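Raw contents of model22.pdb, PDB, C-alpha atoms:
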ATOM      1  CA  MET A 192      98.096 162.365   8.263
ATOM      2  CA  SER A 193      96.431 164.571   5.669
ATOM      3  CA  LYS A 194      96.214 163.843   1.982
ATOM      4  CA  LYS A 195      95.259 167.440   1.181
ATOM      5  CA  HIS A 196      97.817 169.240   3.362
ATOM      6  CA  PRO A 197     100.853 166.923   3.779
ATOM      7  CA  ILE A 198     103.538 167.301   6.443
ATOM      8  CA  ILE A 199     107.212 166.311   6.178
ATOM      9  CA  SER A 200     109.036 165.922   9.499
ATOM     10  CA  VAL A 201     112.839 165.779   9.671
ATOM     11  CA  VAL A 202     114.182 164.742  13.073
ATOM     12  CA  GLY A 203     117.801 164.936  14.085
ATOM     13  CA  SER A 204     119.664 165.486  17.307
ATOM     14  CA  SER A 205     121.867 168.523  17.905
ATOM     15  CA  GLY A 206     124.753 168.619  15.457
ATOM     16  CA  ALA A 207     123.363 165.808  13.311
ATOM     17  CA  GLY A 208     123.454 167.828  10.101
ATOM     18  CA  THR A 209     119.741 168.540   9.736
ATOM     19  CA  SER A 210     120.508 172.052   8.446
ATOM     20  CA  THR A 211     122.388 170.477   5.523
ATOM     21  CA  VAL A 212     119.449 168.165   4.945
ATOM     22  CA  LYS A 213     117.110 171.165   4.919
ATOM     23  CA  SER A 214     119.213 172.654   2.107
ATOM     24  CA  THR A 215     118.674 169.467   0.112
ATOM     25  CA  PHE A 216     114.920 169.676   0.676
ATOM     26  CA  ASP A 217     114.963 173.353  -0.345
ATOM     27  CA  GLN A 218     116.685 172.361  -3.607
ATOM     28  CA  ILE A 219     114.019 169.742  -4.281
ATOM     29  CA  PHE A 220     111.186 172.170  -3.483
ATOM     30  CA  ARG A 221     112.691 174.847  -5.736
ATOM     31  CA  ARG A 222     113.411 172.480  -8.626
ATOM     32  CA  GLU A 223     109.978 170.852  -8.519
ATOM     33  CA  GLY A 224     108.091 174.137  -8.029
ATOM     34  CA  ILE A 225     106.748 173.133  -4.597
ATOM     35  CA  SER A 226     105.645 175.815  -2.143
ATOM     36  CA  ALA A 227     106.646 174.696   1.366
ATOM     37  CA  VAL A 228     106.053 176.324   4.741
ATOM     38  CA  SER A 229     109.063 175.656   6.995
ATOM     39  CA  ILE A 230     108.965 175.557  10.780
ATOM     40  CA  GLU A 231     111.863 174.999  13.173
ATOM     41  CA  GLY A 232     111.915 172.867  16.283
ATOM     42  CA  ASP A 233     113.605 175.716  18.187
ATOM     43  CA  ALA A 234     110.429 177.764  17.763
ATOM     44  CA  PHE A 235     108.668 175.386  20.132
ATOM     45  CA  HIS A 236     111.109 175.596  23.030
ATOM     46  CA  ARG A 237     109.271 176.493  26.228
ATOM     47  CA  TYR A 238     111.894 178.930  27.529
ATOM     48  CA  ASN A 239     113.973 181.757  26.118
ATOM     49  CA  ARG A 240     117.715 181.688  26.819
ATOM     50  CA  ALA A 241     117.624 183.514  30.156
ATOM     51  CA  ASP A 242     114.593 181.602  31.426
ATOM     52  CA  MET A 243     116.182 178.304  30.403
ATOM     53  CA  LYS A 244     119.309 179.089  32.422
ATOM     54  CA  GLU A 245     117.118 179.915  35.405
ATOM     55  CA  GLU A 246     115.085 176.723  34.993
ATOM     56  CA  LEU A 247     118.239 174.636  34.629
ATOM     57  CA  GLN A 248     119.674 176.066  37.851
ATOM     58  CA  LYS A 249     116.387 175.562  39.693
ATOM     59  CA  ARG A 250     116.197 171.907  38.644
ATOM     60  CA  TYR A 251     119.878 171.336  39.321
ATOM     61  CA  ASP A 252     119.453 172.699  42.847
ATOM     62  CA  ALA A 253     116.495 170.324  43.292
ATOM     63  CA  GLY A 254     118.638 167.348  42.266
ATOM     64  CA  ASP A 255     117.420 167.049  38.668
ATOM     65  CA  GLN A 256     120.578 166.965  36.549
ATOM     66  CA  GLY A 257     118.958 165.496  33.443
ATOM     67  CA  PHE A 258     116.887 168.458  32.268
ATOM     68  CA  SER A 259     117.816 169.916  28.858
ATOM     69  CA  HIS A 260     116.406 171.172  25.562
ATOM     70  CA  PHE A 261     116.032 167.495  24.635
ATOM     71  CA  SER A 262     113.503 166.977  27.452
ATOM     72  CA  TYR A 263     109.804 166.824  26.632
ATOM     73  CA  GLU A 264     108.970 169.324  29.372
ATOM     74  CA  ALA A 265     111.407 171.902  27.920
ATOM     75  CA  ASN A 266     109.296 172.110  24.757
ATOM     76  CA  GLU A 267     105.770 173.078  23.768
ATOM     77  CA  LEU A 268     104.942 169.715  22.211
ATOM     78  CA  ARG A 269     101.190 170.146  22.557
ATOM     79  CA  GLU A 270     101.490 173.415  20.644
ATOM     80  CA  LEU A 271     103.553 171.680  17.962
ATOM     81  CA  GLU A 272     100.922 168.940  17.742
ATOM     82  CA  ARG A 273      98.234 171.606  17.426
ATOM     83  CA  VAL A 274     100.162 173.218  14.541
ATOM     84  CA  PHE A 275     100.572 169.852  12.796
ATOM     85  CA  ARG A 276      96.872 169.061  13.238
ATOM     86  CA  GLU A 277      95.657 172.493  12.151
ATOM     87  CA  TYR A 278      97.826 172.450   9.051
ATOM     88  CA  GLY A 279      96.693 168.932   8.150
ATOM     89  CA  GLU A 280      93.060 169.973   8.442
ATOM     90  CA  THR A 281      93.139 173.487   6.948
ATOM     91  CA  GLY A 282      96.555 174.221   5.426
ATOM     92  CA  LYS A 283      96.929 177.076   7.911
ATOM     93  CA  GLY A 284      98.852 177.636  11.134
ATOM     94  CA  LYS A 285     101.294 179.831  13.037
ATOM     95  CA  THR A 286     104.955 179.699  13.948
ATOM     96  CA  ARG A 287     107.720 181.887  15.350
ATOM     97  CA  HIS A 288     111.525 181.965  15.343
ATOM     98  CA  TYR A 289     114.091 181.505  18.093
ATOM     99  CA  VAL A 290     116.862 184.046  17.556
ATOM    100  CA  HIS A 291     120.277 182.459  18.124
ATOM    101  CA  ASP A 292     122.789 185.215  17.377
ATOM    102  CA  ASP A 293     123.353 188.809  16.256
ATOM    103  CA  ALA A 294     122.936 187.986  12.562
ATOM    104  CA  GLU A 295     119.497 186.494  13.207
ATOM    105  CA  ALA A 296     118.683 189.391  15.548
ATOM    106  CA  GLU A 297     119.289 191.829  12.700
ATOM    107  CA  LYS A 298     117.131 189.730  10.376
ATOM    108  CA  TRP A 299     114.177 189.327  12.752
ATOM    109  CA  GLY A 300     114.416 192.486  14.841
ATOM    110  CA  THR A 301     114.495 190.504  18.093
ATOM    111  CA  PRO A 302     117.399 190.224  20.594
ATOM    112  CA  PRO A 303     119.436 186.984  20.624
ATOM    113  CA  GLY A 304     118.053 184.359  22.962
ATOM    114  CA  HIS A 305     114.449 185.472  22.498
ATOM    115  CA  PHE A 306     111.491 184.446  20.325
ATOM    116  CA  THR A 307     109.817 186.500  17.634
ATOM    117  CA  GLU A 308     106.060 186.976  17.788
ATOM    118  CA  TRP A 309     103.838 184.215  16.401
ATOM    119  CA  SER A 310     102.857 184.828  12.765
ATOM    120  CA  ASP A 311     100.534 183.129  10.273
ATOM    121  CA  PHE A 312     101.788 180.785   7.579
ATOM    122  CA  GLU A 313     101.796 181.981   4.012
ATOM    123  CA  ASP A 314      98.639 181.088   2.108
ATOM    124  CA  GLU A 315      98.350 178.372  -0.550
ATOM    125  CA  SER A 316     101.324 176.205   0.422
ATOM    126  CA  ASP A 317     101.784 172.678  -0.921
ATOM    127  CA  LEU A 318     103.168 171.173   2.278
ATOM    128  CA  LEU A 319     104.532 171.847   5.765
ATOM    129  CA  PHE A 320     108.217 171.110   6.434
ATOM    130  CA  TYR A 321     109.402 170.619  10.042
ATOM    131  CA  GLU A 322     113.053 170.276  11.067
ATOM    132  CA  GLY A 323     114.042 169.830  14.700
ATOM    133  CA  LEU A 324     114.379 167.561  17.718
ATOM    134  CA  HIS A 325     110.832 166.387  18.387
ATOM    135  CA  GLY A 326     108.898 166.001  15.144
ATOM    136  CA  CYS A 327     108.116 162.290  15.636
ATOM    137  CA  VAL A 328     107.482 162.185  19.393
ATOM    138  CA  VAL A 329     104.993 159.616  20.649
ATOM    139  CA  ASN A 330     104.270 159.740  24.381
ATOM    140  CA  ASP A 331     101.330 159.875  26.786
ATOM    141  CA  GLU A 332     100.495 163.459  25.791
ATOM    142  CA  VAL A 333     101.152 163.776  22.054
ATOM    143  CA  ASN A 334     101.470 161.671  18.912
ATOM    144  CA  LEU A 335     103.301 163.789  16.345
ATOM    145  CA  SER A 336     104.344 160.774  14.303
ATOM    146  CA  ALA A 337     100.737 160.006  13.357
ATOM    147  CA  LEU A 338     100.276 163.512  11.926
ATOM    148  CA  ALA A 339     103.267 163.504   9.553
ATOM    149  CA  ASP A 340     103.132 162.024   6.056
ATOM    150  CA  LEU A 341     106.862 161.602   5.446
ATOM    151  CA  LYS A 342     109.257 161.208   8.386
ATOM    152  CA  ILE A 343     113.028 161.403   7.978
ATOM    153  CA  GLY A 344     115.638 160.694  10.651
ATOM    154  CA  VAL A 345     119.113 162.207  10.415
ATOM    155  CA  VAL A 346     121.568 160.955  13.016
ATOM    156  CA  PRO A 347     125.317 160.300  13.256
ATOM    157  CA  VAL A 348     126.668 157.500  15.402
ATOM    158  CA  ILE A 349     127.036 158.742  18.954
ATOM    159  CA  ASN A 350     130.816 159.379  19.072
ATOM    160  CA  LEU A 351     130.642 161.387  15.854
ATOM    161  CA  GLU A 352     127.735 163.376  17.234
ATOM    162  CA  TRP A 353     129.747 164.245  20.325
ATOM    163  CA  ILE A 354     132.772 165.277  18.236
ATOM    164  CA  GLN A 355     130.584 167.569  16.130
ATOM    165  CA  LYS A 356     128.990 169.150  19.191
ATOM    166  CA  ILE A 357     132.308 169.688  20.984
ATOM    167  CA  HIS A 358     133.875 171.363  17.961
ATOM    168  CA  ARG A 359     130.809 173.488  17.182
ATOM    169  CA  ASP A 360     130.281 174.726  20.734
ATOM    170  CA  ARG A 361     133.958 175.519  21.232
ATOM    171  CA  ALA A 362     134.186 177.378  17.921
ATOM    172  CA  SER A 363     130.871 179.252  17.868
ATOM    173  CA  ARG A 364     130.027 179.614  21.558
ATOM    174  CA  GLY A 365     133.427 179.754  23.220
ATOM    175  CA  TYR A 366     132.768 176.767  25.501
ATOM    176  CA  THR A 367     135.568 174.649  26.923
ATOM    177  CA  THR A 368     135.657 170.917  26.223
ATOM    178  CA  GLU A 369     134.780 170.332  29.879
ATOM    179  CA  ALA A 370     131.719 172.582  29.647
ATOM    180  CA  VAL A 371     130.478 170.805  26.503
ATOM    181  CA  THR A 372     131.078 167.450  28.193
ATOM    182  CA  ASP A 373     128.854 168.557  31.086
ATOM    183  CA  VAL A 374     126.098 169.450  28.583
ATOM    184  CA  ILE A 375     126.429 166.053  26.895
ATOM    185  CA  LEU A 376     126.159 164.254  30.234
ATOM    186  CA  ARG A 377     123.129 166.312  31.236
ATOM    187  CA  ARG A 378     121.407 165.496  27.961
ATOM    188  CA  MET A 379     122.031 161.746  27.958
ATOM    189  CA  HIS A 380     118.886 160.741  29.854
ATOM    190  CA  SER A 381     116.648 162.759  27.532
ATOM    191  CA  TYR A 382     118.629 161.654  24.484
ATOM    192  CA  VAL A 383     117.960 158.016  25.320
ATOM    193  CA  ASN A 384     114.330 158.496  26.342
ATOM    194  CA  CYS A 385     113.095 161.394  24.171
ATOM    195  CA  ILE A 386     115.231 161.543  21.018
ATOM    196  CA  THR A 387     116.309 157.984  20.189
ATOM    197  CA  PRO A 388     112.789 156.421  20.225
ATOM    198  CA  GLN A 389     111.727 158.738  17.405
ATOM    199  CA  PHE A 390     114.035 156.982  14.961
ATOM    200  CA  THR A 391     111.823 153.896  15.100
ATOM    201  CA  GLU A 392     108.933 156.098  13.921
ATOM    202  CA  THR A 393     110.711 157.529  10.882
ATOM    203  CA  ASP A 394     110.139 156.222   7.354
ATOM    204  CA  ILE A 395     113.778 156.682   6.307
ATOM    205  CA  ASN A 396     116.896 157.127   8.435
ATOM    206  CA  PHE A 397     120.211 158.542   7.267
ATOM    207  CA  GLN A 398     122.943 157.579   9.733
ATOM    208  CA  ARG A 399     126.487 158.820   9.211
ATOM    209  CA  VAL A 400     129.253 156.447  10.300
ATOM    210  CA  PRO A 401     132.916 157.565  10.334
ATOM    211  CA  VAL A 402     135.547 155.138   9.050
ATOM    212  CA  VAL A 403     138.351 156.761  11.032
ATOM    213  CA  ASP A 404     139.106 156.335  14.733
ATOM    214  CA  THR A 405     136.627 158.205  16.931
ATOM    215  CA  SER A 406     137.113 156.049  20.022
ATOM    216  CA  ASN A 407     137.771 159.086  22.258
ATOM    217  CA  PRO A 408     135.608 161.928  20.933
ATOM    218  CA  PHE A 409     136.697 164.264  23.725
ATOM    219  CA  VAL A 410     140.253 164.579  22.397
ATOM    220  CA  ALA A 411     139.514 164.369  18.658
ATOM    221  CA  ARG A 412     141.240 167.242  16.855
ATOM    222  CA  TRP A 413     139.142 167.117  13.691
ATOM    223  CA  ILE A 414     135.601 166.242  12.696
ATOM    224  CA  PRO A 415     135.656 163.301  10.259
ATOM    225  CA  THR A 416     134.888 164.555   6.765
ATOM    226  CA  ALA A 417     132.269 163.209   4.388
ATOM    227  CA  ASP A 418     135.059 161.419   2.509
ATOM    228  CA  GLU A 419     135.962 159.703   5.780
ATOM    229  CA  SER A 420     132.404 158.504   6.388
ATOM    230  CA  LEU A 421     129.731 156.132   5.185
ATOM    231  CA  VAL A 422     125.997 156.746   5.402
ATOM    232  CA  VAL A 423     123.593 153.923   6.239
ATOM    233  CA  ILE A 424     120.123 154.536   4.790
ATOM    234  CA  ARG A 425     117.367 152.456   6.389
ATOM    235  CA  PHE A 426     113.843 152.203   4.966
ATOM    236  CA  LYS A 427     111.094 151.305   7.406
ATOM    237  CA  ASN A 428     109.058 149.844   4.548
ATOM    238  CA  PRO A 429     111.300 148.923   1.598
ATOM    239  CA  ARG A 430     108.390 147.926  -0.619
ATOM    240  CA  GLY A 431     108.501 149.956  -3.840
ATOM    241  CA  ILE A 432     112.095 151.143  -3.318
ATOM    242  CA  ASP A 433     114.176 150.392  -6.423
ATOM    243  CA  PHE A 434     117.413 149.278  -4.773
ATOM    244  CA  PRO A 435     119.108 148.104  -8.022
ATOM    245  CA  TYR A 436     118.506 151.568  -9.489
ATOM    246  CA  LEU A 437     119.919 153.313  -6.405
ATOM    247  CA  THR A 438     123.046 151.144  -6.223
ATOM    248  CA  SER A 439     123.651 151.669  -9.950
ATOM    249  CA  MET A 440     123.276 155.449  -9.654
ATOM    250  CA  ILE A 441     125.356 155.881  -6.485
ATOM    251  CA  ASN A 442     128.951 154.780  -7.043
ATOM    252  CA  GLY A 443     130.388 152.702  -4.219
ATOM    253  CA  SER A 444     127.010 151.836  -2.661
ATOM    254  CA  TRP A 445     125.766 148.417  -1.615
ATOM    255  CA  MET A 446     122.905 146.775   0.255
ATOM    256  CA  SER A 447     123.723 145.654   3.801
ATOM    257  CA  ARG A 448     120.244 144.359   4.641
ATOM    258  CA  ALA A 449     116.974 143.882   2.799
ATOM    259  CA  ASN A 450     115.864 147.353   3.899
ATOM    260  CA  SER A 451     119.224 149.166   4.045
ATOM    261  CA  ILE A 452     121.733 150.641   1.631
ATOM    262  CA  VAL A 453     125.222 151.921   2.465
ATOM    263  CA  ILE A 454     126.706 154.804   0.487
ATOM    264  CA  PRO A 455     129.928 156.858   0.571
ATOM    265  CA  GLY A 456     129.500 159.875   2.832
ATOM    266  CA  ASN A 457     130.078 162.352   0.009
ATOM    267  CA  ARG A 458     127.113 160.901  -1.903
ATOM    268  CA  GLN A 459     124.456 161.710   0.718
ATOM    269  CA  ASP A 460     123.069 164.739  -1.113
ATOM    270  CA  LEU A 461     122.742 162.740  -4.349
ATOM    271  CA  ALA A 462     121.111 159.838  -2.500
ATOM    272  CA  MET A 463     118.592 162.150  -0.833
ATOM    273  CA  GLN A 464     117.746 163.741  -4.172
ATOM    274  CA  LEU A 465     117.201 160.344  -5.793
ATOM    275  CA  ILE A 466     115.211 158.864  -2.905
ATOM    276  CA  LEU A 467     113.167 161.827  -1.699
ATOM    277  CA  THR A 468     112.213 163.599  -4.936
ATOM    278  CA  PRO A 469     109.748 160.920  -6.145
ATOM    279  CA  LEU A 470     108.297 160.550  -2.625
ATOM    280  CA  ILE A 471     107.722 164.294  -2.296
ATOM    281  CA  GLU A 472     106.297 164.496  -5.822
ATOM    282  CA  ARG A 473     103.859 161.721  -4.963
ATOM    283  CA  ILE A 474     102.505 163.242  -1.757
ATOM    284  CA  VAL A 475     102.111 166.662  -3.445
ATOM    285  CA  ARG A 476     100.394 165.063  -6.456
ATOM    286  CA  GLU A 477      98.017 163.186  -4.170
ATOM    287  CA  SER A 478      97.326 166.344  -2.162
ATOM    288  CA  LYS A 479      96.307 168.244  -5.288
ATOM    289  CA  ARG A 480      94.029 165.415  -6.343
ATOM    290  CA  ALA A 481      92.386 165.518  -2.914
TER     291      ALA A 481
END
Represent the structure from my file as structure tokens, please.
Amino acid sequence: MSKKHPIISVVGSSGAGTSTVKSTFDQIFRREGISAVSIEGDAFHRYNRADMKEELQKRYDAGDQGFSHFSYEANELRELERVFREYGETGKGKTRHYVHDDAEAEKWGTPPGHFTEWSDFEDESDLLFYEGLHGCVVNDEVNLSALADLKIGVVPVINLEWIQKIHRDRASRGYTTEAVTDVILRRMHSYVNCITPQFTETDINFQRVPVVDTSNPFVARWIPTADESLVVIRFKNPRGIDFPYLTSMINGSWMSRANSIVIPGNRQDLAMQLILTPLIERIVRESKRA
């Protein structure tokens, strides 16, 4: 952790809604006049799209059916740790972009499925913002959690996550339900061992819970809407959190445990604004004092 050059790490599994959360952070940064450098977890994948397919086939042929983008070894976690450490020490660093589609290819001048070149961060930033799969990993090789100042987990309950992934991959990538199911099964080992443990490292978790039947996600025709969901917000350390204020400001909210508040799903953006703005203001204020 660095008082002078703080790092915010947002961790969420695929389809968890971290892109929506990033929009909320962008609103806070813009409103409060905070200059943030943003890096994406995809930038630290080890393989481009073609190489990943080749590596998947090689491992599958060798009997390893659990390898995926969730796996530690599919990502440059030491490089990500180096970026976190360098930014914390100097406020500088490098990143790149993974190009997903034609629209991004036009923006970055790089073919889909490939990485852009590494480039330096902008000078004089107030903080580093990470959003991806592995920003709070703690294992035998890296400890990313120790280098981040504010850690946020964003995760739906598992059936909802599967519904979101099935619908997204069928709509945007043309996959069949069976093909997406195969991907889910392949990812389960890494999900349990690489992704889930990070949510014990986070300072605050936002977990979306549908209140409609999702008992068979593989035949669900619609993704539950925000109005059909609740969000459980868990604070690792609730000391200093003004729960009476939050429950009074967020209609329909209540405390379910001493460190948890439940809110209507359509109030998540408001809740994040209320909870995160003072925390971000504090770490930026302390960084400028340092």
Excluding Phe426 of chain A and its own-chain neighbours fewer than 5 positions away, which residues fall within 12 Å of it when counting all atoms listed in the file? Please give them as a PyMOL selection string. chain A and resi 341-344+390-398+431-434+446-453+466-467
How would you write, as a PyMOL selection string, the residues chosen by the PyMOL selection byres ((chain A and resi 277-291) around 10) on this structure? chain A and resi 192-198+228-236+239-240+270-276+292-319+338-340
Find the spatial neighbours of Glu264 of chain A, counting all atoms listed in the file, within a cut-off of 10 Å - ignore same-chain residues fewer than 4 positions away - and output them as a ChimeraX atom specification. /A:236-237,258-260,268
Identify all residues satisfying the PyMOL selection byres ((chain A and resi 246-248) around 12) in the given file; provide them as a CSV table (one decimal) with C-alpha atoms, in the frame of the given file.
chain,number,residue,atom,x,y,z
A,237,ARG,CA,109.3,176.5,26.2
A,238,TYR,CA,111.9,178.9,27.5
A,239,ASN,CA,114.0,181.8,26.1
A,240,ARG,CA,117.7,181.7,26.8
A,241,ALA,CA,117.6,183.5,30.2
A,242,ASP,CA,114.6,181.6,31.4
A,243,MET,CA,116.2,178.3,30.4
A,244,LYS,CA,119.3,179.1,32.4
A,245,GLU,CA,117.1,179.9,35.4
A,249,LYS,CA,116.4,175.6,39.7
A,250,ARG,CA,116.2,171.9,38.6
A,251,TYR,CA,119.9,171.3,39.3
A,252,ASP,CA,119.5,172.7,42.8
A,253,ALA,CA,116.5,170.3,43.3
A,254,GLY,CA,118.6,167.3,42.3
A,255,ASP,CA,117.4,167.0,38.7
A,256,GLN,CA,120.6,167.0,36.5
A,257,GLY,CA,119.0,165.5,33.4
A,258,PHE,CA,116.9,168.5,32.3
A,259,SER,CA,117.8,169.9,28.9
A,260,HIS,CA,116.4,171.2,25.6
A,262,SER,CA,113.5,167.0,27.5
A,264,GLU,CA,109.0,169.3,29.4
A,265,ALA,CA,111.4,171.9,27.9
A,374,VAL,CA,126.1,169.4,28.6
A,377,ARG,CA,123.1,166.3,31.2
A,378,ARG,CA,121.4,165.5,28.0
Taking into account all atoms listed in the file, which residue in the set A:Pro429, A:Ile471, A:Arg480, A:Arg269 is nearest to Asn334 of chain A? A:Arg269
When the PyMOL selection byres ((chain A and resi 459-461) around 10) is applied to the structure above, which residues does it catch, written out as a PDB file with C-alpha atoms, keeping the file's coordinate frame?
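Saved file result26.pdb follows:
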ATOM      1  CA  THR A 211     122.388 170.477   5.523  1.00  0.00           C
ATOM      2  CA  VAL A 212     119.449 168.165   4.945  1.00  0.00           C
ATOM      3  CA  SER A 214     119.213 172.654   2.107  1.00  0.00           C
ATOM      4  CA  THR A 215     118.674 169.467   0.112  1.00  0.00           C
ATOM      5  CA  PHE A 216     114.920 169.676   0.676  1.00  0.00           C
ATOM      6  CA  PHE A 397     120.211 158.542   7.267  1.00  0.00           C
ATOM      7  CA  ARG A 399     126.487 158.820   9.211  1.00  0.00           C
ATOM      8  CA  ALA A 417     132.269 163.209   4.388  1.00  0.00           C
ATOM      9  CA  LEU A 421     129.731 156.132   5.185  1.00  0.00           C
ATOM     10  CA  VAL A 422     125.997 156.746   5.402  1.00  0.00           C
ATOM     11  CA  VAL A 423     123.593 153.923   6.239  1.00  0.00           C
ATOM     12  CA  ILE A 424     120.123 154.536   4.790  1.00  0.00           C
ATOM     13  CA  MET A 440     123.276 155.449  -9.654  1.00  0.00           C
ATOM     14  CA  ILE A 441     125.356 155.881  -6.485  1.00  0.00           C
ATOM     15  CA  VAL A 453     125.222 151.921   2.465  1.00  0.00           C
ATOM     16  CA  ILE A 454     126.706 154.804   0.487  1.00  0.00           C
ATOM     17  CA  PRO A 455     129.928 156.858   0.571  1.00  0.00           C
ATOM     18  CA  GLY A 456     129.500 159.875   2.832  1.00  0.00           C
ATOM     19  CA  ASN A 457     130.078 162.352   0.009  1.00  0.00           C
ATOM     20  CA  ARG A 458     127.113 160.901  -1.903  1.00  0.00           C
ATOM     21  CA  ALA A 462     121.111 159.838  -2.500  1.00  0.00           C
ATOM     22  CA  MET A 463     118.592 162.150  -0.833  1.00  0.00           C
ATOM     23  CA  GLN A 464     117.746 163.741  -4.172  1.00  0.00           C
ATOM     24  CA  LEU A 465     117.201 160.344  -5.793  1.00  0.00           C
ATOM     25  CA  ILE A 466     115.211 158.864  -2.905  1.00  0.00           C
ATOM     26  CA  LEU A 467     113.167 161.827  -1.699  1.00  0.00           C
TER      27      LEU A 467
END
Have a look at atom CA of Asn428 of chain A and atom CA of Phe261 of chain A and let me know their distance in Å, one decimal.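 For atom CA of Asn428 of chain A relative to atom CA of Phe261 of chain A, the distance reads 27.6 Å.
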Counting all atoms listed in the file, the residue of A:Val371, A:Ile354, A:Ala337, A:Val201 that sits nearest Asp404 of chain A: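 That would be A:Ile354, the residue with the smallest distance to Asp404 of chain A.
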Box for segment 391-405 of chain A - axis-aligned, 8 Å on each of the six sides, all listed atoms - centre and size in Å to one decimal, as AutoDock Vina command-line options.
--center_x 124.0 --center_y 156.4 --center_z 11.6 --size_x 46.2 --size_y 20.9 --size_z 26.6
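Computed from the coordinates, the atom CA of Asp360 of chain A to atom CA of Pro401 of chain A distance equals 20.2 Å.
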Please indicate the distance in Å from atom CA of Ile375 of chain A to atom CA of Ile357 of chain A, rounded to one decimal place.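 Taking atom CA of Ile375 of chain A as the start and atom CA of Ile357 of chain A as the end point, the length is 9.1 Å.
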